[in-house]
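Here is input-v7.txt, consisting of compact mmCIF, C-alpha atoms:
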```txt
# COMPACT_ATOMS: atom_id res chain seq x y z
CA MET A 1 -50.17 32.86 54.57
CA LYS A 2 -51.92 30.85 51.88
CA GLN A 3 -54.75 28.61 52.94
CA LEU A 4 -54.62 24.84 53.20
CA ALA A 5 -55.68 22.37 50.57
CA ASN A 6 -59.42 21.78 50.43
CA SER A 7 -58.90 18.22 51.65
CA ILE A 8 -56.27 15.56 52.20
CA GLY A 9 -56.34 11.89 51.29
CA PHE A 10 -54.33 8.71 50.87
CA ILE A 11 -54.21 5.67 48.62
CA GLN A 12 -53.00 2.53 50.38
CA PHE A 13 -52.15 -0.53 48.32
CA ASP A 14 -49.84 -3.53 48.10
CA VAL A 15 -46.78 -2.29 46.20
CA LYS A 16 -45.81 -5.14 43.87
CA HIS A 17 -42.06 -5.77 43.84
CA GLY A 18 -40.64 -4.51 40.54
CA LYS A 19 -44.08 -4.33 38.86
CA TRP A 20 -44.34 -0.67 37.91
CA ALA A 21 -47.27 -1.13 35.50
CA GLU A 22 -49.35 -2.96 38.13
CA ASN A 23 -48.51 -0.35 40.74
CA LEU A 24 -49.43 2.53 38.46
CA ALA A 25 -52.71 0.77 37.72
CA ALA A 26 -53.30 0.52 41.49
CA VAL A 27 -52.79 4.29 41.83
CA LYS A 28 -55.26 4.99 39.04
CA LYS A 29 -57.82 2.62 40.54
CA GLY A 30 -57.32 4.22 43.94
CA LEU A 31 -57.96 7.66 42.51
CA GLY A 32 -61.13 6.40 40.88
CA ASP A 33 -62.31 4.97 44.19
CA LEU A 34 -61.31 8.07 46.11
CA ALA A 35 -62.86 10.56 43.65
CA PRO A 36 -60.90 13.46 45.18
CA GLU A 37 -62.27 16.98 45.02
CA LYS A 38 -60.28 19.71 43.31
CA GLY A 39 -57.53 20.99 45.59
CA THR A 40 -56.95 17.72 47.44
CA VAL A 41 -53.47 16.51 48.39
CA VAL A 42 -53.36 12.72 47.89
CA VAL A 43 -50.47 10.73 49.33
CA LEU A 44 -49.02 7.47 47.94
CA PRO A 45 -46.73 4.91 49.64
CA GLU A 46 -42.95 5.00 49.65
CA LEU A 47 -41.30 3.75 46.44
CA TRP A 48 -44.77 3.10 45.12
CA GLY A 49 -43.51 2.42 41.59
CA ALA A 50 -41.54 -0.78 42.22
CA GLY A 51 -40.78 -1.14 45.93
CA PHE A 52 -37.27 -1.97 47.13
CA ASP A 53 -36.25 -3.75 43.93
CA TYR A 54 -32.56 -3.04 44.34
CA ALA A 55 -31.49 -5.44 41.61
CA ASN A 56 -33.15 -3.15 39.07
CA LEU A 57 -32.80 0.18 40.87
CA GLY A 58 -31.12 1.94 37.95
CA GLU A 59 -33.87 0.87 35.57
CA HIS A 60 -36.60 2.03 37.97
CA ALA A 61 -34.87 5.37 38.48
CA ARG A 62 -34.75 5.85 34.70
CA ARG A 63 -38.49 5.16 34.62
CA THR A 64 -39.23 7.74 37.33
CA PRO A 65 -39.79 10.62 34.85
CA GLU A 66 -42.33 8.43 33.03
CA LEU A 67 -44.18 7.68 36.26
CA LEU A 68 -44.10 11.34 37.23
CA GLY A 69 -45.58 12.14 33.85
CA ALA A 70 -48.39 9.69 34.56
CA LEU A 71 -49.00 11.35 37.95
CA GLN A 72 -49.07 14.75 36.24
CA GLU A 73 -51.77 13.48 33.90
CA GLU A 74 -53.82 11.98 36.75
CA ALA A 75 -53.43 15.14 38.83
CA GLY A 76 -54.69 17.15 35.89
CA LYS A 77 -57.83 15.01 35.59
CA TYR A 78 -58.85 15.73 39.16
CA GLY A 79 -57.21 19.09 39.84
CA ILE A 80 -55.19 17.66 42.74
CA VAL A 81 -51.66 17.28 44.08
CA LEU A 82 -50.15 13.78 44.28
CA ALA A 83 -47.23 12.98 46.59
CA GLY A 84 -45.26 9.76 46.88
CA SER A 85 -41.65 8.61 46.81
CA LEU A 86 -39.74 7.20 43.84
CA PRO A 87 -36.03 6.53 43.16
CA GLU A 88 -34.20 9.57 41.84
CA ALA A 89 -30.94 9.21 39.89
CA VAL A 90 -28.36 11.97 40.29
CA GLU A 91 -25.30 12.11 38.07
CA SER A 92 -22.07 13.56 39.44
CA GLU A 93 -18.64 13.86 37.86
CA ALA A 94 -17.58 10.67 39.61
CA ASP A 95 -20.64 8.43 39.37
CA THR A 96 -24.41 8.09 39.44
CA PHE A 97 -26.13 7.76 42.82
CA PHE A 98 -29.71 7.48 43.98
CA HIS A 99 -32.05 9.23 46.40
CA ASN A 100 -35.33 7.97 47.82
CA THR A 101 -37.30 11.07 46.88
CA LEU A 102 -40.78 12.23 47.83
CA TYR A 103 -42.17 14.04 44.78
CA PHE A 104 -45.10 16.48 44.81
CA SER A 105 -46.85 16.74 41.43
CA ASP A 106 -49.88 18.48 39.95
CA ALA A 107 -51.14 19.19 36.43
CA SER A 108 -48.13 21.45 35.79
CA GLY A 109 -45.57 18.76 36.67
CA VAL A 110 -43.25 18.35 39.65
CA LEU A 111 -43.83 21.11 42.21
CA GLY A 112 -40.98 20.08 44.49
CA ARG A 113 -39.24 17.20 46.19
CA TYR A 114 -38.01 16.03 49.58
CA ARG A 115 -35.14 13.53 49.70
CA LYS A 116 -35.21 10.95 52.48
CA GLN A 117 -32.82 12.08 55.19
CA HIS A 118 -32.46 8.96 57.36
CA LEU A 119 -31.85 5.72 55.47
CA PHE A 120 -33.03 2.49 57.08
CA ALA A 121 -30.08 0.09 57.27
CA PRO A 122 -32.16 -3.08 58.01
CA MET A 123 -33.78 -2.60 54.57
CA ALA A 124 -30.28 -2.11 53.01
CA GLU A 125 -31.10 1.47 52.05
CA THR A 126 -27.66 2.66 53.15
CA LYS A 127 -26.10 0.43 50.47
CA TYR A 128 -28.18 1.71 47.59
CA PHE A 129 -29.37 5.24 48.40
CA ARG A 130 -27.69 8.45 49.46
CA ALA A 131 -29.24 10.51 52.25
CA GLY A 132 -30.73 13.87 51.33
CA ARG A 133 -29.63 17.30 52.57
CA ASN A 134 -31.28 20.57 53.48
CA PRO A 135 -34.81 19.34 54.21
CA GLY A 136 -37.29 22.06 53.43
CA PRO A 137 -41.00 22.41 52.70
CA VAL A 138 -42.46 22.29 49.21
CA GLY A 139 -44.60 25.05 47.76
CA LEU A 140 -48.02 23.84 46.61
CA PRO A 141 -50.64 25.96 44.82
CA PHE A 142 -52.41 26.57 48.14
CA GLY A 143 -49.47 26.79 50.56
CA LEU A 144 -46.49 24.89 51.92
CA ALA A 145 -46.22 21.20 52.79
CA ALA A 146 -43.54 19.47 54.84
CA GLY A 147 -42.43 15.96 53.91
CA LEU A 148 -41.04 12.82 55.51
CA VAL A 149 -40.24 9.40 54.08
CA CYS A 150 -40.82 6.40 56.36
CA PHE A 151 -37.88 6.13 58.82
CA ASP A 152 -37.66 9.94 58.89
CA LEU A 153 -40.81 9.85 61.03
CA ARG A 154 -38.69 8.86 64.04
CA PHE A 155 -36.73 12.14 63.88
CA PRO A 156 -38.94 15.02 65.03
CA GLU A 157 -36.29 17.66 64.31
CA LEU A 158 -36.83 17.08 60.58
CA VAL A 159 -40.38 18.36 60.88
CA LYS A 160 -39.42 21.26 63.14
CA ALA A 161 -36.87 22.35 60.54
CA GLN A 162 -39.63 22.62 57.93
CA MET A 163 -42.49 23.98 60.02
CA GLY A 164 -41.18 27.42 60.90
CA VAL A 165 -42.23 29.14 57.67
CA GLY A 166 -45.99 28.72 57.82
CA VAL A 167 -46.50 25.01 57.05
CA ASN A 168 -49.85 23.49 58.00
CA LEU A 169 -49.56 20.08 56.35
CA LEU A 170 -47.14 17.20 56.87
CA VAL A 171 -47.03 14.49 54.19
CA VAL A 172 -45.57 11.07 55.04
CA SER A 173 -44.87 8.38 52.43
CA ALA A 174 -43.88 5.01 53.89
CA GLN A 175 -43.33 1.27 53.76
CA TRP A 176 -43.64 0.65 57.51
CA PRO A 177 -43.65 -2.97 58.76
CA ALA A 178 -46.60 -4.47 60.63
CA ILE A 179 -44.39 -5.53 63.54
CA ARG A 180 -44.13 -1.84 64.51
CA THR A 181 -47.67 -0.69 63.71
CA GLU A 182 -48.17 0.98 67.09
CA HIS A 183 -44.96 2.96 66.64
CA TRP A 184 -46.29 4.20 63.30
CA ARG A 185 -49.63 5.30 64.76
CA THR A 186 -48.11 6.92 67.84
CA LEU A 187 -45.39 8.80 65.98
CA LEU A 188 -47.81 10.17 63.39
CA GLN A 189 -50.07 11.52 66.12
CA ALA A 190 -47.07 12.95 67.96
CA ARG A 191 -45.84 14.80 64.85
CA ALA A 192 -49.33 16.31 64.41
CA ILE A 193 -49.64 17.35 68.06
CA GLU A 194 -46.17 18.80 68.58
CA ASN A 195 -46.32 20.75 65.30
CA GLN A 196 -50.02 21.65 65.44
CA THR A 197 -50.39 20.53 61.85
CA PHE A 198 -52.52 18.27 59.68
CA VAL A 199 -50.85 14.98 58.75
CA ALA A 200 -51.57 12.90 55.66
CA ALA A 201 -49.69 9.59 55.72
CA SER A 202 -49.77 6.72 53.23
CA ASN A 203 -48.26 3.36 54.11
CA ARG A 204 -48.25 0.26 51.95
CA CYS A 205 -49.94 -2.96 52.92
CA GLY A 206 -49.22 -6.52 51.77
CA ILE A 207 -46.09 -8.62 51.98
CA THR A 208 -42.75 -8.81 50.17
CA GLY A 209 -40.44 -11.69 51.04
CA GLU A 210 -40.80 -12.21 54.76
CA VAL A 211 -41.83 -8.63 55.57
CA LEU A 212 -45.49 -7.91 56.28
CA PHE A 213 -46.33 -4.22 55.94
CA ALA A 214 -48.68 -2.43 58.31
CA GLY A 215 -51.02 -0.36 56.18
CA HIS A 216 -52.90 1.86 58.66
CA SER A 217 -52.52 4.95 56.51
CA MET A 218 -53.86 7.93 58.45
CA LEU A 219 -55.24 11.45 58.24
CA ILE A 220 -54.76 13.41 61.48
CA ALA A 221 -55.90 16.82 62.72
CA PRO A 222 -53.57 19.35 64.39
CA ASP A 223 -54.82 18.37 67.85
CA GLY A 224 -53.98 14.71 67.20
CA LYS A 225 -57.50 13.57 66.40
CA ILE A 226 -57.55 10.75 63.85
CA LEU A 227 -59.75 11.82 60.96
CA ALA A 228 -59.38 8.61 58.97
CA GLU A 229 -57.42 5.39 59.29
CA ALA A 230 -57.12 2.35 57.04
CA GLY A 231 -56.71 -1.23 58.15
CA ASP A 232 -54.18 -3.67 56.72
CA ALA A 233 -55.81 -4.06 53.29
CA PRO A 234 -55.92 -1.77 50.24
CA ALA A 235 -57.95 1.33 51.06
CA VAL A 236 -58.53 4.98 50.25
CA ALA A 237 -59.75 7.84 52.42
CA LYS A 238 -60.09 11.60 52.32
CA ASN A 239 -61.14 14.33 54.71
CA VAL A 240 -61.85 18.03 54.46
CA VAL A 241 -59.33 20.23 56.25
CA ASP A 242 -60.02 23.50 57.99
CA GLN A 243 -57.38 26.23 58.20
CA LYS A 244 -59.20 27.71 61.19
CA SER A 245 -58.50 24.64 63.31
CA CYS A 246 -54.76 25.27 62.94
CA ASP A 247 -55.11 28.98 63.63
CA ASP A 248 -57.35 28.49 66.68
CA LEU A 249 -55.05 25.92 68.22
CA ARG A 250 -51.94 28.05 67.72
CA GLU A 251 -53.72 31.11 69.09
CA LEU A 252 -54.56 29.19 72.28
CA PHE A 253 -50.93 28.09 72.71
CA ASN A 254 -48.20 28.02 70.08
CA THR A 255 -45.53 25.32 69.82
CA ILE A 256 -44.27 26.40 66.39
CA ALA A 257 -43.22 30.03 66.79
CA PRO A 258 -40.97 29.91 69.90
CA ARG A 259 -37.33 29.28 69.00
CA PRO A 260 -35.22 30.25 72.01
CA TYR A 261 -31.48 29.64 71.86
CA SER A 262 -30.82 27.67 75.02
CA PHE A 263 -27.15 26.74 74.57
CA ASP A 264 -23.79 28.16 75.63
CA ASP A 265 -21.55 27.31 72.68
CA GLN A 266 -18.42 27.67 74.77
CA ASP A 267 -19.50 24.46 76.52
CA LYS A 268 -18.39 22.65 73.37
CA ILE A 269 -14.77 23.32 74.35
CA TYR A 270 -13.34 20.32 76.24
CA GLY A 271 -10.14 19.18 77.84
CA LEU A 272 -8.81 15.88 76.52
CA LYS A 273 -9.65 13.80 79.61
CA ALA A 274 -13.27 14.96 79.71
CA LEU A 275 -13.58 14.64 75.95
CA SER A 276 -12.24 11.07 75.88
CA GLU A 277 -14.91 10.09 78.42
CA GLU A 278 -17.56 11.91 76.38
CA ILE A 279 -16.50 10.24 73.12
CA LEU A 280 -16.70 6.81 74.75
CA LEU A 281 -20.31 7.53 75.69
CA GLN A 282 -21.09 8.83 72.20
CA LYS A 283 -19.72 5.65 70.64
CA GLN A 284 -21.74 3.52 73.05
CA LEU A 285 -24.81 5.34 71.78
CA GLY A 286 -23.84 4.23 68.27
CA ARG A 287 -22.75 7.60 66.97
CA LYS A 288 -20.06 7.84 64.29
CA VAL A 289 -17.35 10.20 65.55
CA VAL A 290 -15.49 12.38 63.03
CA PHE A 291 -12.19 14.13 63.77
CA THR A 292 -10.30 16.85 61.98
CA ASN A 293 -7.71 19.37 63.10
CA GLY A 294 -6.12 22.66 62.21
CA CYS A 295 -4.97 26.09 63.37
CA PHE A 296 -8.10 27.91 62.15
CA ASP A 297 -6.39 31.27 62.53
CA LEU A 298 -8.63 33.99 61.05
CA LEU A 299 -11.58 31.72 60.27
CA HIS A 300 -12.75 32.17 56.67
CA PRO A 301 -15.40 30.65 54.33
CA GLY A 302 -12.99 27.95 53.17
CA HIS A 303 -12.70 26.70 56.74
CA VAL A 304 -16.46 26.80 57.25
CA SER A 305 -17.23 24.84 54.07
CA TYR A 306 -14.59 22.28 54.98
CA LEU A 307 -16.00 21.81 58.50
CA GLU A 308 -19.55 21.47 57.18
CA GLU A 309 -18.47 18.70 54.83
CA ALA A 310 -16.48 17.03 57.61
CA ARG A 311 -19.55 17.03 59.85
CA ARG A 312 -21.54 15.27 57.13
CA GLN A 313 -19.24 12.26 57.37
CA GLY A 314 -20.75 11.13 60.68
CA ASP A 315 -22.81 12.08 63.70
CA LEU A 316 -20.44 14.19 65.80
CA LEU A 317 -17.51 16.37 64.71
CA VAL A 318 -14.51 16.88 66.98
CA VAL A 319 -12.05 19.60 65.98
CA GLY A 320 -8.52 19.39 67.33
CA LEU A 321 -7.24 22.97 67.56
CA ASN A 322 -3.52 23.81 67.62
CA SER A 323 -2.65 25.84 70.71
CA ASP A 324 -0.80 29.14 70.37
CA ALA A 325 2.50 27.41 71.10
CA SER A 326 1.77 24.74 68.51
CA VAL A 327 0.84 27.30 65.85
CA SER A 328 4.02 29.31 66.51
CA ALA A 329 6.16 26.21 66.24
CA ILE A 330 4.63 25.38 62.83
CA LYS A 331 4.12 28.82 61.26
CA GLY A 332 6.62 31.08 63.03
CA PRO A 333 6.60 33.61 65.89
CA SER A 334 4.20 36.03 64.17
CA ARG A 335 1.37 33.50 64.31
CA PRO A 336 -1.31 32.99 65.40
CA VAL A 337 -3.10 36.27 64.78
CA SER A 338 -5.92 35.22 67.14
CA ASN A 339 -5.12 33.57 70.44
CA GLN A 340 -6.24 30.03 71.24
CA GLU A 341 -9.15 31.08 73.44
CA SER A 342 -10.58 33.30 70.68
CA ARG A 343 -10.09 30.66 68.00
CA ALA A 344 -11.72 27.96 70.13
CA ARG A 345 -14.66 30.20 70.98
CA VAL A 346 -15.35 31.08 67.33
CA LEU A 347 -15.08 27.43 66.24
CA ALA A 348 -17.47 26.36 68.99
CA ALA A 349 -20.09 28.78 67.68
CA LEU A 350 -20.27 26.98 64.32
CA ALA A 351 -23.29 24.69 63.99
CA ALA A 352 -21.22 22.03 62.23
CA VAL A 353 -18.75 21.74 65.13
CA ASP A 354 -19.78 19.58 68.09
CA ARG A 355 -16.60 19.52 70.21
CA VAL A 356 -13.34 21.51 70.29
CA VAL A 357 -10.16 20.37 72.03
CA LEU A 358 -6.78 22.15 72.15
CA PHE A 359 -3.44 20.41 71.74
CA ASP A 360 0.13 21.66 72.27
CA GLU A 361 2.02 19.17 70.10
CA GLU A 362 2.93 19.94 66.49
CA THR A 363 0.75 17.02 65.35
CA PRO A 364 -2.57 15.70 66.69
CA LEU A 365 -1.39 12.08 66.91
CA HIS A 366 -1.90 11.84 70.67
CA LEU A 367 -5.41 13.27 70.32
CA ILE A 368 -6.28 10.84 67.55
CA THR A 369 -4.96 7.73 69.29
CA THR A 370 -6.69 8.75 72.53
CA LEU A 371 -10.08 9.49 70.96
CA MET A 372 -9.80 6.95 68.11
CA PRO A 373 -12.45 8.49 65.84
CA ASP A 374 -14.47 6.45 63.38
CA VAL A 375 -13.62 8.89 60.58
CA LEU A 376 -10.48 10.99 60.20
CA VAL A 377 -10.82 13.96 57.84
CA LYS A 378 -8.05 16.01 56.23
CA GLY A 379 -7.73 18.36 53.28
CA ALA A 380 -7.60 16.92 49.77
CA ASP A 381 -4.00 18.10 49.34
CA TRP A 382 -2.85 15.52 51.90
CA PRO A 383 -2.08 11.99 50.59
CA ILE A 384 -3.56 9.47 52.98
CA ASP A 385 -0.17 7.91 53.71
CA LYS A 386 1.04 11.33 54.91
CA ILE A 387 -1.92 12.08 57.18
CA VAL A 388 -1.02 11.89 60.85
CA GLY A 389 -3.07 9.18 62.56
CA ALA A 390 -4.37 7.66 59.32
CA SER A 391 -2.70 4.27 59.77
CA GLU A 392 -3.90 4.02 63.37
CA VAL A 393 -7.51 4.87 62.48
CA ILE A 394 -7.56 2.45 59.56
CA ALA A 395 -6.03 -0.32 61.69
CA ALA A 396 -8.85 0.20 64.21
CA GLY A 397 -11.47 -0.24 61.47
CA GLY A 398 -12.10 3.45 60.81
CA ALA A 399 -11.99 5.49 57.61
CA VAL A 400 -9.83 8.35 56.35
CA ILE A 401 -11.47 10.88 54.04
CA ASN A 402 -10.01 13.77 52.03
CA ILE A 403 -12.12 16.90 51.65
CA PRO A 404 -11.11 19.78 49.33
CA MET A 405 -10.76 23.31 50.66
CA LEU A 406 -12.09 26.29 48.71
CA ALA A 407 -9.02 27.43 46.77
CA SER A 408 -9.90 31.13 46.80
CA PHE A 409 -9.48 31.49 50.59
CA SER A 410 -6.43 31.25 52.83
CA THR A 411 -5.40 32.76 56.15
CA THR A 412 -1.97 33.68 54.78
CA GLY A 413 -3.61 35.44 51.85
CA ILE A 414 -5.86 37.43 54.17
CA ILE A 415 -2.89 38.49 56.31
CA GLU A 416 -0.93 39.62 53.24
CA LYS A 417 -3.91 41.62 51.99
CA VAL A 418 -4.24 43.36 55.36
CA LYS A 419 -0.52 44.20 55.37
CA LYS A 420 -0.82 45.84 51.94
CA SER A 421 -3.93 47.85 52.81
```
Just give me the structure of the file as structure tokens.
Amino acid sequence: MKQLANSIGFIQFDVKHGKWAENLAAVKKGLGDLAPEKGTVVVLPELWGAGFDYANLGEHARRTPELLGALQEEAGKYGIVLAGSLPEAVESEADTFFHNTLYFSDASGVLGRYRKQHLFAPMAETKYFRAGRNPGPVGLPFGLAAGLVCFDLRFPELVKAQMGVGVNLLVVSAQWPAIRTEHWRTLLQARAIENQTFVAASNRCGITGEVLFAGHSMLIAPDGKILAEAGDAPAVAKNVVDQKSCDDLRELFNTIAPRPYSFDDQDKIYGLKALSEEILLQKQLGRKVVFTNGCFDLLHPGHVSYLEEARRQGDLLVVGLNSDASVSAIKGPSRPVSNQESRARVLAALAAVDRVVLFDEETPLHLITTLMPDVLVKGADWPIDKIVGASEVIAAGGAVINIPMLASFSTTGIIEKVKKS
């Protein structure tokens, strides 16, 4: 495992709304005040370039490469790594969308990025940004660093997902409000303690509109000791880090390495009555319930990709599975190849699937109207007006989404290939 950075630091300042030149000047001044040693990781606030200036988001995203170039130049002057979030524009075939992205840069340019996973609706992020996927650590010249952006701090599983490959530093870039300062301090210490890692967190100070921001940027040791903490005014701080402190703590007792699998996946298989009660509780918690259905006879990669994308449409995926009788009625007496118990058990073992429920009818209409999901998902080859349950879900305020299947895979095709072999 590579060693840690020589030291960690933060620059805390009042991010001026839409004023990229002033904010870049604040970063440069902060670096001058900090005078970081070579090999330091210095953290900047969330959206440090212009703040949440949604009216000009596209313009700011187009300026992001310029600001990253400026960070590259500053990093080269000091021999350091700079990390802070900026808007990232991503062009797809359909449109252009934006991520709130934590960039890590040194003299060579961008080393890696972490896209904010949990968007904060009260700040309208869900209207303007798209959540990231596949959170993973970033490789720095001296090792790996995990990342979080502001609201992500409340979701400890995001750090756990990044820590299992030898990470000893967590970087947090934020615009956290003063009204929840104690949450900020407590959660940062908790992430350090539970992951036995150094934490370097930069939060903005100042006020935009009616929102006062907390400041209180922090540097924290793996045992939770606060190494440095700012107040609510512009500030800089740095602290030497010691790899041995991580190693010693994890040798005494290790909370990173153990990864037992404590679940029986077959418990995901429900009867309709029990599931309807469960779904009611899930909705009361505020979770968005997604439903899809199918025979899933001879599960193949096309099914798996489809179910992964369905799961991304909400917080909990329910799969309605045609019973053996239902499959035979639709596809003929030679089907299914696998019986309903086997098909349900295999589906339940998929990470993307949260609940499985069997149904005997030829269509899942009774399931859908009983569970009334927030999102109904079907393959892209189904027009919405032909999707069973679509009108009922839409009338209840839900959404219907089409997801394409991988064209190169089909159960029928697999069966025909086996017959010819």
Would you give me, as a Markdown table, each residue of range 107-209 of chain A having an atom within 7 Å of an atom of range 67-81 of chain A, along with its shortest atom pair and that distance in Å to one decimal, using all atoms listed in the file and sorting by chain and residue number?
```
| residue | atom | partner | partner_atom | distance |
| --- | --- | --- | --- | --- |
| A:Ala107 | CA | A:Gly76 | CA | 4.1 |
| A:Ser108 | CA | A:Gln72 | CA | 6.8 |
| A:Gly109 | CA | A:Gln72 | CA | 5.3 |
```
Any chance you can output those residues with C-alpha atoms as a JSON list (two decimals), in the frame of the given file?
```
[["chain", "number", "residue", "atom", "x", "y", "z"],
["A", 107, "ALA", "CA", -51.14, 19.19, 36.43],
["A", 108, "SER", "CA", -48.13, 21.45, 35.79],
["A", 109, "GLY", "CA", -45.57, 18.76, 36.67]]
```
Compile a residue-level contact table for range 185-258 of chain A against range 145-167 of chain A at a cut-off of 8 Å, reporting for every qualifying residue the shortest atom pair and its distance in Å to one decimal, with all atoms listed in the file counted, rows ordered by chain and ascending number, as JSON lines.
```
{"residue": "A:Leu187", "atom": "CA", "partner": "A:Leu153", "partner_atom": "CA", "distance": 6.8}
{"residue": "A:Leu188", "atom": "CA", "partner": "A:Leu153", "partner_atom": "CA", "distance": 7.4}
{"residue": "A:Arg191", "atom": "CA", "partner": "A:Pro156", "partner_atom": "CA", "distance": 6.9}
{"residue": "A:Asn195", "atom": "CA", "partner": "A:Lys160", "partner_atom": "CA", "distance": 7.2}
{"residue": "A:Thr197", "atom": "CA", "partner": "A:Val167", "partner_atom": "CA", "distance": 7.6}
{"residue": "A:Ile256", "atom": "CA", "partner": "A:Gly164", "partner_atom": "CA", "distance": 6.4}
{"residue": "A:Ala257", "atom": "CA", "partner": "A:Gly164", "partner_atom": "CA", "distance": 6.8}
```
Would you mind exporting the chosen residues as an mmCIF file, keeping the file's coordinate frame, restricted to C-alpha atoms?
```cif
data_model
loop_
_atom_site.group_PDB
_atom_site.id
_atom_site.type_symbol
_atom_site.label_atom_id
_atom_site.label_comp_id
_atom_site.auth_asym_id
_atom_site.auth_seq_id
_atom_site.Cartn_x
_atom_site.Cartn_y
_atom_site.Cartn_z
ATOM 1 C CA LEU A 187 -45.390 8.800 65.980
ATOM 2 C CA LEU A 188 -47.810 10.170 63.390
ATOM 3 C CA ARG A 191 -45.840 14.800 64.850
ATOM 4 C CA ASN A 195 -46.320 20.750 65.300
ATOM 5 C CA THR A 197 -50.390 20.530 61.850
ATOM 6 C CA ILE A 256 -44.270 26.400 66.390
ATOM 7 C CA ALA A 257 -43.220 30.030 66.790
#
```
Determine, counting all atoms listed in the file, which protein, DNA and RNA residues have an atom within 9 Å of an atom of Ala178 in chain A; residues of the same chain fewer than 2 positions away are not included. Present the result as a list in words.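 Residues meeting the cut-off are Trp176, Arg180, Thr181, Glu182, Cys205, Val211, Leu212, Phe213, Ala214, Gly215 and Asp232 of chain A.
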Kindly indicate which residue among A:Lys16, A:Glu46, A:Val319, A:Val357 lies nearest to Ser202 in chain A, using all atoms listed in the file for the distances.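 Between A:Lys16, A:Glu46, A:Val319, A:Val357, the residue approaching Ser202 in chain A most closely is A:Glu46.
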Within 10 Å of range 28-43 of chain A, which residues of range 93-198 of chain A show up? Give each one with its shortest atom-to-atom distance in Å (one decimal) and the two atoms involved, counting only C-alpha atoms, rows by chain then rising residue number, as a Markdown table.
```
| residue | atom | partner | partner_atom | distance |
| --- | --- | --- | --- | --- |
| A:Leu102 | CA | A:Val43 | CA | 9.9 |
| A:Phe104 | CA | A:Val43 | CA | 9.1 |
| A:Ser105 | CA | A:Val41 | CA | 9.6 |
| A:Asp106 | CA | A:Val41 | CA | 9.4 |
| A:Leu140 | CA | A:Val41 | CA | 9.3 |
| A:Pro141 | CA | A:Gly39 | CA | 8.5 |
| A:Phe142 | CA | A:Gly39 | CA | 8.0 |
| A:Ala145 | CA | A:Val41 | CA | 9.7 |
| A:Leu169 | CA | A:Val41 | CA | 9.6 |
| A:Val171 | CA | A:Val43 | CA | 7.0 |
| A:Val172 | CA | A:Val43 | CA | 7.5 |
| A:Ser173 | CA | A:Val43 | CA | 6.8 |
| A:Ala174 | CA | A:Val43 | CA | 9.8 |
```
Using only C-alpha atoms, please write the residues we just selected to a file, as a CSV table (one decimal), in the coordinates of the input.
```csv
chain,number,residue,atom,x,y,z
A,102,LEU,CA,-40.8,12.2,47.8
A,104,PHE,CA,-45.1,16.5,44.8
A,105,SER,CA,-46.8,16.7,41.4
A,106,ASP,CA,-49.9,18.5,40.0
A,140,LEU,CA,-48.0,23.8,46.6
A,141,PRO,CA,-50.6,26.0,44.8
A,142,PHE,CA,-52.4,26.6,48.1
A,145,ALA,CA,-46.2,21.2,52.8
A,169,LEU,CA,-49.6,20.1,56.4
A,171,VAL,CA,-47.0,14.5,54.2
A,172,VAL,CA,-45.6,11.1,55.0
A,173,SER,CA,-44.9,8.4,52.4
A,174,ALA,CA,-43.9,5.0,53.9
```
Have a look at A:Ile226, A:Ala21, A:Val318, A:Ala190 and name the one nearest to Arg63 in chain A; count all atoms listed in the file.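 For Arg63 in chain A, the nearest of the candidates is A:Ala21.
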Please identify all polymer residues within 8 Å of range 329-338 of chain A, counting all atoms listed in the file, omitting same-chain residues fewer than 3 positions from it, and present them as a PDB file with C-alpha atoms, keeping the file's coordinate frame.
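The result, written out as result.pdb:
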```pdb
ATOM      1  CA  ASP A 297      -6.390  31.270  62.530  1.00  0.00           C
ATOM      2  CA  LEU A 298      -8.630  33.990  61.050  1.00  0.00           C
ATOM      3  CA  ASP A 324      -0.800  29.140  70.370  1.00  0.00           C
ATOM      4  CA  ALA A 325       2.500  27.410  71.100  1.00  0.00           C
ATOM      5  CA  SER A 326       1.770  24.740  68.510  1.00  0.00           C
ATOM      6  CA  SER A 342     -10.580  33.300  70.680  1.00  0.00           C
ATOM      7  CA  ARG A 343     -10.090  30.660  68.000  1.00  0.00           C
ATOM      8  CA  GLU A 362       2.930  19.940  66.490  1.00  0.00           C
TER       9      GLU A 362
END
```
Could you state the separation of CA of Ala237 in chain A and CA of Ile11 in chain A in Å, given to one decimal place?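 Going from CA of Ala237 in chain A over to CA of Ile11 in chain A, I get 7.1 Å.
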Taking (-53.8, 1.2, 59.3) as a centre in this file's frame and 6 Å as the limit, can you find every polymer residue with an atom that close, using all atoms listed in the file, and give them as a list in words?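 Every residue inside that radius is included here: Gly215, His216, Ser217, Glu229, Ala230, Gly231 and Asp232 of chain A.
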Test item: which residues lie within 10 Å of (-2.2, 21.3, 54.0) counting all atoms listed in the file, as a list of chain:residue names: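 Protein, DNA and RNA residues close to (-2.2, 21.3, 54.0): A:Gly294, A:Lys378, A:Gly379, A:Ala380, A:Asp381, A:Trp382, A:Pro383, A:Ile387, A:Met405.
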Please dump the current selection as a CSV table (one decimal), in the coordinates of the input; keep C-alpha atoms.
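To be explicit, this is the file written out as part.csv:
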```csv
chain,number,residue,atom,x,y,z
A,294,GLY,CA,-6.1,22.7,62.2
A,378,LYS,CA,-8.0,16.0,56.2
A,379,GLY,CA,-7.7,18.4,53.3
A,380,ALA,CA,-7.6,16.9,49.8
A,381,ASP,CA,-4.0,18.1,49.3
A,382,TRP,CA,-2.8,15.5,51.9
A,383,PRO,CA,-2.1,12.0,50.6
A,387,ILE,CA,-1.9,12.1,57.2
A,405,MET,CA,-10.8,23.3,50.7
```
